[in-house]
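Asks: start18.cif (mmCIF, C-alpha atoms) pasted underneath:
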```
data_final
#
loop_
_atom_site.label_atom_id
_atom_site.label_comp_id
_atom_site.auth_asym_id
_atom_site.auth_seq_id
_atom_site.Cartn_x
_atom_site.Cartn_y
_atom_site.Cartn_z
CA PRO A 49 13.41 -6.67 -2.51
CA ILE A 50 13.47 -9.31 0.23
CA LEU A 51 15.33 -11.72 -2.06
CA ILE A 52 18.61 -11.42 -3.91
CA GLU A 53 17.29 -12.35 -7.34
CA SER A 54 20.57 -13.46 -8.92
CA THR A 55 21.38 -15.71 -5.95
CA PHE A 56 17.89 -17.17 -5.93
CA ARG A 57 17.94 -17.98 -9.65
CA GLU A 58 21.29 -19.69 -9.27
CA GLU A 59 20.32 -21.76 -6.23
CA TYR A 60 16.91 -22.78 -7.57
CA LYS A 61 17.88 -23.87 -11.07
CA ASP A 62 16.86 -27.42 -10.22
CA LEU A 63 13.26 -27.12 -9.03
CA THR A 64 13.14 -30.82 -8.22
CA ASN A 65 15.65 -30.27 -5.41
CA PRO A 66 15.19 -26.71 -4.09
CA PRO A 67 17.13 -25.50 -1.01
CA SER A 68 13.82 -24.46 0.60
CA LEU A 69 10.42 -25.90 -0.28
CA LEU A 70 8.71 -23.25 1.82
CA LEU A 71 10.38 -20.35 0.04
CA LEU A 72 9.84 -21.86 -3.41
CA HIS A 73 6.12 -22.49 -2.88
CA SER A 74 5.65 -19.08 -1.28
CA ILE A 75 7.06 -17.45 -4.40
CA ILE A 76 4.88 -19.61 -6.66
CA TYR A 77 1.81 -18.64 -4.62
CA CYS A 78 2.64 -14.92 -4.73
CA GLY A 79 3.19 -15.07 -8.49
CA ALA A 80 -0.18 -16.74 -8.97
CA LYS A 81 -1.87 -14.23 -6.66
CA TYR A 82 -0.43 -11.29 -8.56
CA TYR A 83 -1.01 -12.69 -12.06
CA ASP A 84 -4.05 -11.58 -14.01
CA ASP A 85 -5.11 -11.76 -17.64
CA PRO A 86 -7.60 -9.16 -18.93
CA SER A 87 -8.89 -11.64 -21.53
CA TRP A 88 -10.11 -14.07 -18.85
CA SER A 89 -13.81 -14.67 -18.41
CA THR A 90 -15.43 -14.57 -14.96
CA ALA A 91 -15.37 -18.37 -14.79
CA GLU A 92 -11.67 -18.47 -15.68
CA ARG A 93 -10.89 -15.89 -13.01
CA LEU A 94 -12.76 -17.85 -10.36
CA ALA A 95 -10.93 -21.02 -11.41
CA HIS A 96 -7.62 -19.18 -11.12
CA ILE A 97 -8.51 -17.95 -7.62
CA GLU A 98 -9.35 -21.52 -6.57
CA LYS A 99 -5.99 -22.79 -7.84
CA THR A 100 -4.20 -19.89 -6.15
CA GLU A 101 -5.78 -20.82 -2.80
CA ILE A 102 -4.51 -24.38 -3.24
CA LEU A 103 -1.00 -22.99 -3.74
CA TYR A 104 -1.40 -20.89 -0.60
CA THR A 105 -2.54 -23.89 1.43
CA ARG A 106 0.44 -25.87 0.18
CA ALA A 107 2.92 -23.12 1.13
CA LEU A 108 1.31 -22.65 4.56
CA THR A 109 1.43 -26.39 5.18
CA PHE A 110 5.21 -26.36 4.71
CA TYR A 111 5.38 -23.68 7.40
CA ASP A 112 2.93 -25.38 9.81
CA LYS A 113 4.67 -28.73 9.57
CA LYS A 114 8.03 -27.07 10.26
CA ILE A 115 9.57 -28.46 7.08
CA GLU A 116 11.82 -25.38 6.89
CA MET A 117 14.15 -24.76 9.81
CA ASP A 118 16.17 -21.87 8.34
CA LEU A 119 14.90 -18.69 10.03
CA LEU A 120 15.78 -16.40 7.11
CA CYS A 121 13.80 -18.53 4.63
CA GLN A 122 10.88 -18.59 7.06
CA LEU A 123 11.01 -14.80 7.36
CA GLN A 124 11.18 -14.21 3.61
CA SER A 125 8.27 -16.60 3.01
CA LEU A 126 6.01 -15.14 5.70
CA LEU A 127 6.74 -11.59 4.64
CA MET A 128 5.71 -12.43 1.08
CA MET A 129 2.48 -13.96 2.33
CA ALA A 130 1.88 -10.88 4.51
CA ASN A 131 1.86 -8.79 1.33
CA TYR A 132 -0.23 -11.12 -0.80
CA LYS A 133 -2.50 -13.03 1.59
CA THR A 134 -4.26 -10.00 3.01
CA ALA A 135 -7.04 -9.57 5.52
CA ASN A 136 -9.23 -8.78 2.51
CA ASP A 137 -9.54 -12.54 2.03
CA GLN A 138 -11.39 -13.02 5.33
CA CYS A 139 -8.57 -15.30 6.39
CA LEU A 140 -7.75 -15.70 10.07
CA ARG A 141 -4.10 -16.08 9.14
CA ALA A 142 -3.92 -12.80 7.32
CA ASP A 143 -1.80 -9.69 7.72
CA PRO A 144 -1.60 -9.55 11.56
CA PHE A 145 -0.41 -13.13 11.90
CA PHE A 146 2.24 -12.94 9.21
CA ILE A 147 3.43 -9.47 10.24
CA ARG A 148 3.82 -10.35 13.90
CA VAL A 149 5.56 -13.65 13.26
CA SER A 150 7.83 -11.90 10.72
CA LEU A 151 8.69 -9.30 13.35
CA ASP A 152 9.54 -12.05 15.88
CA LEU A 153 11.84 -13.66 13.31
CA CYS A 154 13.49 -10.28 12.68
CA TYR A 155 14.25 -10.01 16.38
CA ALA A 156 15.60 -13.57 16.43
CA LEU A 157 17.97 -12.78 13.55
CA GLY A 158 18.92 -9.32 14.85
CA ILE A 159 17.55 -7.60 11.74
CA GLN A 160 16.07 -4.78 13.84
CA LYS A 161 19.61 -3.68 14.76
CA ASN A 162 22.09 -1.56 12.88
CA PRO A 163 23.75 -4.03 10.42
CA ASP A 164 27.17 -2.64 11.32
CA LEU A 165 26.69 -4.11 14.81
CA LEU A 166 26.36 -7.65 13.41
CA PRO A 167 29.97 -8.87 13.04
CA ASN A 168 29.10 -12.45 12.04
CA VAL A 169 26.88 -11.41 9.13
CA SER A 170 28.29 -11.09 5.60
CA GLU A 171 28.18 -7.73 3.80
CA LEU A 172 25.67 -9.14 1.32
CA ASN A 173 23.34 -10.30 4.09
CA LYS A 174 23.68 -6.98 5.91
CA LYS A 175 22.21 -5.28 2.84
CA LEU A 176 19.54 -7.98 2.58
CA TYR A 177 18.62 -7.48 6.24
CA LYS A 178 18.04 -3.77 5.65
CA ARG A 179 15.85 -4.54 2.64
CA ILE A 180 13.80 -7.03 4.66
CA TRP A 181 13.44 -4.66 7.60
CA TRP A 182 12.15 -1.74 5.53
CA SER A 183 9.83 -4.07 3.58
CA LEU A 184 8.32 -5.21 6.88
CA PHE A 185 8.05 -1.57 7.98
CA ILE A 186 6.02 -0.74 4.86
CA THR A 187 3.74 -3.75 5.30
CA ASP A 188 3.11 -3.04 8.98
CA THR A 189 2.44 0.67 8.42
CA VAL A 190 0.05 0.23 5.49
CA TYR A 191 -1.86 -2.58 7.20
CA SER A 192 -2.16 -0.64 10.48
CA PHE A 193 -3.12 2.53 8.62
CA VAL A 194 -5.85 0.97 6.46
CA PHE A 195 -7.39 -1.16 9.22
CA CYS A 196 -6.90 1.38 12.07
CA LYS A 197 -4.63 -0.91 14.08
CA PRO A 198 -1.70 0.09 16.33
CA TRP A 199 1.79 -0.09 14.85
CA SER A 200 3.59 -3.36 15.48
CA ILE A 201 7.00 -1.67 15.14
CA ASN A 202 7.82 1.04 17.68
CA GLU A 203 9.43 4.34 16.69
CA SER A 204 12.53 3.63 18.80
CA VAL A 205 13.14 0.36 16.96
CA ILE A 206 12.69 1.94 13.51
CA SER A 207 15.34 4.59 14.11
CA ALA A 208 17.96 1.95 14.97
CA VAL A 209 18.19 0.73 11.36
CA PRO A 210 19.84 3.10 8.83
CA MET A 211 17.77 4.36 5.92
CA ILE A 212 17.75 2.14 2.82
CA THR A 213 20.10 3.33 0.05
CA LYS A 214 20.69 2.56 -3.61
CA GLU A 215 23.76 0.55 -2.68
CA ASP A 216 21.64 -1.72 -0.49
CA LEU A 217 19.37 -2.51 -3.45
CA ARG A 218 22.11 -3.04 -5.99
CA GLU A 219 22.09 -6.64 -7.28
CA ASP A 220 25.52 -6.31 -8.87
CA PRO A 221 27.95 -4.25 -6.71
CA ASN A 222 29.91 -3.31 -9.84
CA ASP A 223 26.92 -2.14 -11.88
CA PRO A 224 25.85 1.43 -10.93
CA SER A 225 23.05 1.32 -13.55
CA ASP A 226 21.03 -0.66 -10.99
CA ASP A 227 20.68 2.57 -9.01
CA GLN A 228 18.34 4.11 -11.59
CA THR A 229 15.94 1.24 -12.19
CA TYR A 230 12.26 1.81 -11.47
CA GLU A 231 12.35 -0.90 -8.81
CA THR A 232 15.19 0.79 -6.88
CA LEU A 233 13.79 4.32 -7.04
CA TYR A 234 10.27 3.10 -6.29
CA PHE A 235 11.26 1.19 -3.15
CA ILE A 236 13.40 3.98 -1.67
CA ASN A 237 10.71 6.60 -2.22
CA ARG A 238 7.99 4.31 -0.95
CA VAL A 239 9.91 3.88 2.29
CA LYS A 240 10.14 7.68 2.58
CA LEU A 241 6.41 8.06 1.90
CA THR A 242 5.61 5.38 4.48
CA ILE A 243 7.65 7.29 7.07
CA CYS A 244 5.50 10.35 6.23
CA ILE A 245 2.34 8.27 6.67
CA ARG A 246 3.41 7.19 10.15
CA LYS A 247 4.30 10.72 11.25
CA ILE A 248 1.05 12.12 9.84
CA CYS A 249 -1.04 9.45 11.58
CA ASP A 250 0.76 10.14 14.87
CA ASN A 251 0.10 13.87 14.45
CA MET A 252 -3.55 13.24 13.64
CA ASN A 253 -3.90 11.12 16.77
CA GLN A 254 -2.53 14.03 18.78
CA MET A 255 -5.05 16.34 17.11
CA ASN A 256 -7.87 13.96 17.99
CA ARG A 257 -6.89 14.02 21.64
CA GLN A 258 -7.39 17.79 21.79
CA PRO A 259 -10.76 18.85 23.27
CA PRO A 260 -13.11 19.81 20.41
CA LYS A 261 -14.29 23.39 20.06
CA ALA A 262 -17.24 24.18 17.81
CA GLY A 263 -16.19 25.80 14.55
CA VAL A 264 -12.49 25.76 15.41
CA PRO A 265 -10.37 23.24 13.43
CA ARG A 266 -7.71 21.35 15.40
CA SER A 267 -5.00 22.38 12.96
CA ASN A 268 -1.96 22.65 15.22
CA CYS A 269 -0.19 19.83 13.35
CA MET A 270 -1.47 20.66 9.86
CA GLY A 271 1.50 22.81 8.92
CA GLU A 272 4.01 20.09 9.78
CA CYS A 273 2.01 17.45 7.89
CA GLU A 274 1.67 19.66 4.82
CA GLN A 275 5.40 20.35 4.90
CA MET A 276 6.24 16.63 5.00
CA MET A 277 4.00 15.90 2.01
CA ARG A 278 5.38 18.86 0.08
CA GLU A 279 8.98 17.87 0.71
CA TRP A 280 8.31 14.27 -0.35
CA ILE A 281 6.74 15.20 -3.69
CA GLU A 282 9.44 17.81 -4.40
CA GLN A 283 12.31 15.31 -3.98
CA LEU A 284 10.58 12.62 -6.07
CA PRO A 285 12.55 11.62 -9.21
CA THR A 286 10.96 12.77 -12.47
CA SER A 287 10.49 9.16 -13.60
CA LEU A 288 8.20 8.52 -10.62
CA LEU A 289 5.92 11.51 -11.22
CA PHE A 290 2.50 10.54 -12.57
CA ARG A 291 1.36 13.00 -15.23
CA ILE A 292 -2.04 13.10 -16.88
CA ASN A 293 -1.99 11.38 -20.31
CA SER A 294 1.80 11.00 -20.22
CA PRO A 295 3.27 8.05 -22.15
CA ALA A 296 5.89 7.76 -19.38
CA ASN A 297 3.28 6.67 -16.82
CA ASN A 298 3.67 3.16 -15.44
CA ALA A 299 2.64 0.92 -12.55
CA PHE A 300 5.38 2.34 -10.29
CA ASN A 301 4.49 6.02 -10.49
CA ALA A 302 0.76 5.24 -10.54
CA SER A 303 1.03 3.25 -7.30
CA LEU A 304 3.12 5.89 -5.50
CA SER A 305 0.85 8.73 -6.64
CA LEU A 306 -2.25 6.83 -5.56
CA GLU A 307 -0.83 6.53 -2.03
CA TYR A 308 0.30 10.16 -1.97
CA TYR A 309 -3.07 11.63 -2.97
CA SER A 310 -4.94 9.26 -0.65
CA ILE A 311 -2.93 10.49 2.34
CA LEU A 312 -3.43 14.08 1.22
CA LEU A 313 -7.20 13.46 1.11
CA LEU A 314 -7.22 11.96 4.59
CA LEU A 315 -5.26 14.92 5.96
CA TYR A 316 -7.54 17.61 4.56
CA ARG A 317 -10.71 15.62 5.17
CA MET A 318 -9.96 15.61 8.88
CA TYR A 319 -9.18 19.33 8.78
CA PHE A 320 -12.40 20.56 7.27
CA LEU A 321 -14.83 17.92 8.60
CA ASN A 322 -13.87 19.07 12.08
CA SER A 323 -15.21 22.51 11.15
CA LEU A 324 -18.33 21.49 9.24
CA LYS A 325 -21.59 22.79 10.65
CA PRO A 326 -24.64 20.49 10.48
CA GLN A 327 -27.23 21.07 7.75
CA ASN A 328 -24.86 23.24 5.69
CA LYS A 329 -23.33 21.45 2.71
CA ASP A 330 -22.45 24.67 0.89
CA GLN A 331 -19.71 25.76 3.28
CA SER A 332 -16.44 26.86 1.72
CA PHE A 333 -12.98 26.07 3.09
CA SER A 334 -9.51 26.78 1.78
CA SER A 335 -8.95 23.01 1.53
CA TRP A 336 -12.02 22.28 -0.62
CA GLY A 337 -10.09 22.94 -3.84
CA ILE A 338 -7.18 20.74 -2.74
CA VAL A 339 -9.56 17.94 -1.76
CA PHE A 340 -11.36 18.12 -5.11
CA LYS A 341 -8.12 18.07 -7.12
CA ALA A 342 -6.65 15.23 -5.05
CA ALA A 343 -9.82 13.12 -5.38
CA HIS A 344 -9.88 13.79 -9.13
CA MET A 345 -6.25 12.71 -9.42
CA VAL A 346 -7.10 9.48 -7.60
CA ALA A 347 -9.83 8.88 -10.19
CA LEU A 348 -7.44 9.50 -13.11
CA ILE A 349 -4.78 7.20 -11.61
CA ALA A 350 -7.35 4.47 -10.91
CA LYS A 351 -8.68 4.70 -14.45
CA TYR A 352 -5.14 4.43 -15.83
CA ALA A 353 -4.39 1.41 -13.64
CA LEU A 354 -7.59 -0.32 -14.72
CA GLU A 355 -7.07 0.34 -18.42
CA ASN A 356 -3.40 -0.72 -18.31
CA ASN A 357 -3.91 -3.86 -16.22
CA CYS A 358 -1.76 -2.75 -13.30
CA ILE A 359 -4.44 -2.69 -10.61
CA SER A 360 -2.74 -5.56 -8.77
CA PHE A 361 0.33 -3.36 -8.30
CA CYS A 362 -1.80 -0.81 -6.42
CA GLN A 363 -3.83 -3.40 -4.52
CA MET A 364 -2.72 -2.73 -0.95
CA LEU A 365 -4.20 0.78 -0.64
CA LEU A 366 -6.69 0.62 -3.52
CA PRO A 367 -9.96 0.10 -1.55
CA PHE A 368 -9.01 2.81 0.94
CA ALA A 369 -8.13 5.24 -1.86
CA MET A 370 -11.37 4.58 -3.79
CA ASN A 371 -13.43 4.93 -0.64
CA ILE A 372 -12.00 8.17 0.73
CA ALA A 373 -11.86 9.83 -2.72
CA GLY A 374 -15.42 8.67 -3.46
CA LEU A 375 -16.76 10.06 -0.18
CA MET A 376 -15.06 13.39 -0.85
CA MET A 377 -16.60 13.54 -4.31
CA ILE A 378 -20.05 12.85 -2.85
CA TYR A 379 -19.71 16.17 -1.00
CA HIS A 380 -19.02 17.83 -4.34
CA LEU A 381 -22.25 16.45 -5.83
CA TYR A 382 -23.89 19.33 -3.95
CA ASN A 383 -21.62 21.93 -5.50
CA LYS A 384 -23.56 24.72 -7.23
CA ASP A 385 -21.07 24.70 -10.10
CA LYS A 386 -22.48 22.20 -12.62
CA LYS A 387 -19.04 21.44 -14.03
CA VAL A 388 -17.72 20.44 -10.61
CA HIS A 389 -20.88 18.38 -10.00
CA ASN A 390 -20.47 16.49 -13.29
CA ILE A 391 -16.77 15.76 -12.70
CA ALA A 392 -17.58 14.48 -9.20
CA LYS A 393 -20.29 12.21 -10.60
CA GLN A 394 -17.98 10.82 -13.32
CA ASP A 395 -15.20 10.20 -10.82
CA ILE A 396 -17.47 8.33 -8.40
CA GLU A 397 -18.54 6.06 -11.26
CA ILE A 398 -14.84 5.41 -12.01
CA PHE A 399 -14.24 4.45 -8.36
CA LEU A 400 -17.19 2.04 -8.48
CA GLU A 401 -16.02 0.57 -11.79
CA VAL A 402 -12.52 -0.06 -10.40
CA LEU A 403 -13.84 -1.60 -7.17
CA TYR A 404 -16.24 -3.80 -9.09
CA GLY A 405 -13.42 -4.84 -11.42
CA VAL A 406 -11.31 -6.17 -8.53
CA SER A 407 -14.14 -7.28 -6.22
CA TYR A 408 -13.84 -10.90 -7.35
CA LYS A 409 -10.41 -11.09 -5.72
CA HIS A 410 -10.84 -9.57 -2.27
CA PHE A 411 -13.61 -9.35 0.29
CA TYR A 412 -12.59 -5.85 1.36
CA ASP A 413 -12.95 -4.60 -2.24
CA ARG A 414 -16.47 -6.06 -2.41
CA LEU A 415 -17.37 -4.49 0.92
CA THR A 416 -16.02 -1.08 -0.12
CA TYR A 417 -17.87 -1.28 -3.44
CA PHE A 418 -21.17 -2.01 -1.67
CA TYR A 419 -20.56 0.74 0.92
CA LEU A 420 -19.69 3.47 -1.60
CA LYS A 421 -22.41 2.44 -4.07
CA THR A 422 -25.07 2.49 -1.34
CA ILE A 423 -24.14 5.98 -0.16
CA TYR A 424 -23.89 7.26 -3.73
CA GLU A 425 -27.34 5.99 -4.71
CA ASP A 426 -29.18 6.70 -1.44
CA LYS A 427 -29.34 10.45 -0.82
CA SER A 428 -30.76 9.93 2.65
CA MET A 429 -27.37 8.49 3.65
CA GLN A 430 -25.53 11.56 2.38
CA ALA A 431 -27.02 13.84 5.03
#
```
Rewrite the structure from the file as structure tokens, please.
Replies:
Amino acid sequence: PILIESTFREEYKDLTNPPSLLLLHSIIYCGAKYYDDPSWSTAERLAHIEKTEILYTRALTFYDKKIEMDLLCQLQSLLMMANYKTANDQCLRADPFFIRVSLDLCYALGIQKNPDLLPNVSELNKKLYKRIWWSLFITDTVYSFVFCKPWSINESVISAVPMITKEDLREDPNDPSDDQTYETLYFINRVKLTICIRKICDNMNQMNRQPPKAGVPRSNCMGECEQMMREWIEQLPTSLLFRINSPANNAFNASLSLEYYSILLLLYRMYFLNSLKPQNKDQSFSSWGIVFKAAHMVALIAKYALENNCISFCQMLLPFAMNIAGLMMIYHLYNKDKKVHNIAKQDIEIFLEVLYGVSYKHFYDRLTYFYLKTIYEDKSMQA
């Protein structure tokens, strides 16, 4: 939502004379990066990737050569590239570069402040500023979370900007039907989930700083984390709930649910791994059942996304989700219940199939596929 679509379409009707070459070519690159056709052969996919990289180089050249002097257009373009040109591509100018420069531009424009304190900014741009700020917050949090990096945006700065609302995302101020679109509901609830991710990660860091005691889980913060996750899922609109075999499932609820269950897995994995005793794979914990169900849900969501060609929509957290769910299911391969063992085996094969299916696009997907496949096939590495 970092663009006002109606305004953009009006201003860029004549593509031979666009207001911003940088912004136009950034959008073209992102569209090409996102686009996929299930009927393509491997050769056609590789050719498409090559053309997409040319589009990226062209957009980046406009930025490097300082063709665009408007700070807002620069910010919108870099933020788009931060979401689509990821560190998975082994590119030096990947997420950290784009995120940090985007954050500097936010400071230059005053976007990190409460919009009500910006008297010289129009009401429309105040709403746009909030949309851009929370989009950057999501990108920074997910990148830092997946790659174990420190947050670029401090907690004190985040709290200065009011929470995003339906009114901020409304394209037409006189059309309240915009409030119930999948895009609007998805973005608001993704911001809320991202806030939960940050708080949970901060709590887990506090838990890690506690001195370890053998056989005693560092669970002081578990109750608060569980409560945050429970409250988020309970307030989620019905249209964004992913249900098994439901015809109402779509890319939006699949993506949100994939993130939710991945965070749940990380939370409980830390809880019970801290209490595991060496050489005893048959231990039972209250969280084992939750971990198994969450990992199985990740497998069902991933299978849906693969079969319905919406993997690209879930791309940002996909490798992390497949990896953590796969590792949890490897534990369940040693379950004495044959049914649980078979489900775990089937789910791991789904994770590998999904990772293999997207490995042609991103280096990190290929690396995760190799890592999970090696552990799955080599029992000596499961000890």
Asks: Go through A:Tyr77, A:Phe185, A:Phe193, A:Tyr82 one by one, measure the shortest atom-to-atom distance of each to Leu108 in chain A using only C-alpha atoms, and give the residue with the smallest value.
Replies: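 Of the candidates, the smallest distance to Leu108 in chain A is held by A:Tyr77.
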Asks: Please expand the PyMOL selection byres ((chain A and resi 110-119) around 9) into the concrete residues it hits in this file, giving the result as a list in words.
Replies: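 Output from the PyMOL selection byres ((chain A and resi 110-119) around 9), applied to this file: Ser68, Leu69, Leu70, Leu71, His73, Thr105, Arg106, Ala107, Leu108, Thr109, Leu120, Cys121, Gln122, Leu123, Gln124, Ser125, Leu126, Leu153, Cys154, Ala156 and Leu157 of chain A.
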Asks: Nearest to Ser192 in chain A among A:Cys249, A:Leu233, A:Glu215, A:Lys409, with distances taken over only C-alpha atoms: which residue is it?
Replies: A:Cys249
Asks: Can you give me, as a count of residues only, the residues this file yields under the PyMOL selection byres ((chain A and resi 417) around 10)?
Replies: 23
Asks: Once the PyMOL selection byres ((chain A and resi 201-208) around 7) is applied to the coordinates I shared, what remains selected? I want it as a PDB file with C-alpha atoms, in the frame of the given file.
Replies:
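Ended up saving to selection-v9.pdb:
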```pdb
ATOM      1  CA  GLN A 160      16.070  -4.780  13.840  1.00  0.00           C
ATOM      2  CA  LYS A 161      19.610  -3.680  14.760  1.00  0.00           C
ATOM      3  CA  ASN A 162      22.090  -1.560  12.880  1.00  0.00           C
ATOM      4  CA  TRP A 199       1.790  -0.090  14.850  1.00  0.00           C
ATOM      5  CA  SER A 200       3.590  -3.360  15.480  1.00  0.00           C
ATOM      6  CA  VAL A 209      18.190   0.730  11.360  1.00  0.00           C
ATOM      7  CA  PRO A 210      19.840   3.100   8.830  1.00  0.00           C
TER       8      PRO A 210
END
```
Asks: Considering only C-alpha atoms, can you say which of A:Ile102, A:Leu315, A:Val149, A:Ala347 comes closest to Ala130 in chain A?
Replies: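 Residue with the minimum atom-to-atom distance to Ala130 in chain A: A:Val149.
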Asks: Tell me, in Å to one decimal, how far CA of Tyr234 in chain A is from CA of Ala302 in chain A.
Replies: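 The value is 10.6 Å.
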Asks: What does the structure give for the distance between CA of Ser74 in chain A and CA of Glu101 in chain A, in Å to one decimal?
Replies: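 Atom-to-atom, CA of Ser74 in chain A and CA of Glu101 in chain A are spaced 11.7 Å apart.
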Asks: Which residue, A:Thr232, A:Ser428, A:Asn356, A:Gln394, has the smallest gap to Gly374 in chain A when you use all atoms listed in the file?
Replies: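 Using all atoms listed in the file, Gly374 in chain A sits closest to A:Gln394.
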Asks: What is the CA of Leu304 in chain A-CA of Lys393 in chain A distance in Å, reported with one decimal?
Replies: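 Distance reported for this atom pair: 24.8 Å.
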Asks: From the options A:Lys214, A:Ile338, A:Phe195, A:Glu231, which residue's atoms come nearest to Ala373 in chain A, counting only C-alpha atoms?
Replies: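 Closest candidate: A:Ile338.
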Asks: Select, from A:Tyr60, A:Tyr83, A:Tyr424, A:Phe146, the residue with the minimum atom-to-atom distance to Ile359 in chain A, counting all atoms listed in the file.
Replies: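 Counting all atoms listed in the file, the residue closest to Ile359 in chain A is A:Tyr83.
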Asks: Any idea what's packed within 9 Å of Ile97 in chain A, counting only C-alpha atoms, ignoring anything in its chain fewer than 3 positions away? Could you give it as a list in words?
Replies: Ala80, Lys81, Glu92, Arg93, Leu94, Thr100, Glu101, Ile102, Tyr408 and Lys409 of chain A
Asks: List as a PDB file with C-alpha atoms, in the frame of the given file: which residues have an atom within 12 Å of (5.5, 7.8, 0.6), counting only C-alpha atoms?
Replies:
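What follows is the written file result29.pdb:
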```pdb
ATOM      1  CA  ILE A 186       6.020  -0.740   4.860  1.00  0.00           C
ATOM      2  CA  THR A 189       2.440   0.670   8.420  1.00  0.00           C
ATOM      3  CA  VAL A 190       0.050   0.230   5.490  1.00  0.00           C
ATOM      4  CA  LEU A 233      13.790   4.320  -7.040  1.00  0.00           C
ATOM      5  CA  TYR A 234      10.270   3.100  -6.290  1.00  0.00           C
ATOM      6  CA  PHE A 235      11.260   1.190  -3.150  1.00  0.00           C
ATOM      7  CA  ILE A 236      13.400   3.980  -1.670  1.00  0.00           C
ATOM      8  CA  ASN A 237      10.710   6.600  -2.220  1.00  0.00           C
ATOM      9  CA  ARG A 238       7.990   4.310  -0.950  1.00  0.00           C
ATOM     10  CA  VAL A 239       9.910   3.880   2.290  1.00  0.00           C
ATOM     11  CA  LYS A 240      10.140   7.680   2.580  1.00  0.00           C
ATOM     12  CA  LEU A 241       6.410   8.060   1.900  1.00  0.00           C
ATOM     13  CA  THR A 242       5.610   5.380   4.480  1.00  0.00           C
ATOM     14  CA  ILE A 243       7.650   7.290   7.070  1.00  0.00           C
ATOM     15  CA  CYS A 244       5.500  10.350   6.230  1.00  0.00           C
ATOM     16  CA  ILE A 245       2.340   8.270   6.670  1.00  0.00           C
ATOM     17  CA  ARG A 246       3.410   7.190  10.150  1.00  0.00           C
ATOM     18  CA  LYS A 247       4.300  10.720  11.250  1.00  0.00           C
ATOM     19  CA  ILE A 248       1.050  12.120   9.840  1.00  0.00           C
ATOM     20  CA  MET A 276       6.240  16.630   5.000  1.00  0.00           C
ATOM     21  CA  MET A 277       4.000  15.900   2.010  1.00  0.00           C
ATOM     22  CA  ARG A 278       5.380  18.860   0.080  1.00  0.00           C
ATOM     23  CA  GLU A 279       8.980  17.870   0.710  1.00  0.00           C
ATOM     24  CA  TRP A 280       8.310  14.270  -0.350  1.00  0.00           C
ATOM     25  CA  ILE A 281       6.740  15.200  -3.690  1.00  0.00           C
ATOM     26  CA  GLU A 282       9.440  17.810  -4.400  1.00  0.00           C
ATOM     27  CA  GLN A 283      12.310  15.310  -3.980  1.00  0.00           C
ATOM     28  CA  LEU A 284      10.580  12.620  -6.070  1.00  0.00           C
ATOM     29  CA  LEU A 288       8.200   8.520 -10.620  1.00  0.00           C
ATOM     30  CA  ASN A 301       4.490   6.020 -10.490  1.00  0.00           C
ATOM     31  CA  SER A 303       1.030   3.250  -7.300  1.00  0.00           C
ATOM     32  CA  LEU A 304       3.120   5.890  -5.500  1.00  0.00           C
ATOM     33  CA  SER A 305       0.850   8.730  -6.640  1.00  0.00           C
ATOM     34  CA  LEU A 306      -2.250   6.830  -5.560  1.00  0.00           C
ATOM     35  CA  GLU A 307      -0.830   6.530  -2.030  1.00  0.00           C
ATOM     36  CA  TYR A 308       0.300  10.160  -1.970  1.00  0.00           C
ATOM     37  CA  TYR A 309      -3.070  11.630  -2.970  1.00  0.00           C
ATOM     38  CA  SER A 310      -4.940   9.260  -0.650  1.00  0.00           C
ATOM     39  CA  ILE A 311      -2.930  10.490   2.340  1.00  0.00           C
ATOM     40  CA  LEU A 312      -3.430  14.080   1.220  1.00  0.00           C
TER      41      LEU A 312
END
```
Asks: Please reconstruct the missing atoms of range 398-406 of chain A (target: N, CA and C atoms) and return them as a PDB file, keeping the file's coordinate frame.
Replies:
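Result saved to out-v8.pdb:
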```pdb
ATOM      1  N   ILE A 398     -16.140   6.057 -11.777  1.00  0.00           N
ATOM      2  CA  ILE A 398     -14.840   5.410 -12.010  1.00  0.00           C
ATOM      3  C   ILE A 398     -14.433   4.588 -10.787  1.00  0.00           C
ATOM      4  N   PHE A 399     -14.593   5.169  -9.598  1.00  0.00           N
ATOM      5  CA  PHE A 399     -14.240   4.450  -8.360  1.00  0.00           C
ATOM      6  C   PHE A 399     -15.042   3.153  -8.255  1.00  0.00           C
ATOM      7  N   LEU A 400     -16.327   3.231  -8.563  1.00  0.00           N
ATOM      8  CA  LEU A 400     -17.190   2.040  -8.480  1.00  0.00           C
ATOM      9  C   LEU A 400     -16.793   1.012  -9.539  1.00  0.00           C
ATOM     10  N   GLU A 401     -16.434   1.486 -10.724  1.00  0.00           N
ATOM     11  CA  GLU A 401     -16.020   0.570 -11.790  1.00  0.00           C
ATOM     12  C   GLU A 401     -14.740  -0.170 -11.404  1.00  0.00           C
ATOM     13  N   VAL A 402     -13.787   0.561 -10.828  1.00  0.00           N
ATOM     14  CA  VAL A 402     -12.520  -0.060 -10.400  1.00  0.00           C
ATOM     15  C   VAL A 402     -12.763  -1.066  -9.294  1.00  0.00           C
ATOM     16  N   LEU A 403     -13.553  -0.690  -8.292  1.00  0.00           N
ATOM     17  CA  LEU A 403     -13.840  -1.600  -7.170  1.00  0.00           C
ATOM     18  C   LEU A 403     -14.570  -2.842  -7.644  1.00  0.00           C
ATOM     19  N   TYR A 404     -15.507  -2.643  -8.557  1.00  0.00           N
ATOM     20  CA  TYR A 404     -16.240  -3.800  -9.090  1.00  0.00           C
ATOM     21  C   TYR A 404     -15.300  -4.708  -9.888  1.00  0.00           C
ATOM     22  N   GLY A 405     -14.357  -4.075 -10.605  1.00  0.00           N
ATOM     23  CA  GLY A 405     -13.420  -4.840 -11.420  1.00  0.00           C
ATOM     24  C   GLY A 405     -12.488  -5.732 -10.630  1.00  0.00           C
ATOM     25  N   VAL A 406     -12.220  -5.363  -9.360  1.00  0.00           N
ATOM     26  CA  VAL A 406     -11.310  -6.170  -8.530  1.00  0.00           C
ATOM     27  C   VAL A 406     -12.051  -6.884  -7.397  1.00  0.00           C
TER      28      VAL A 406
END
```
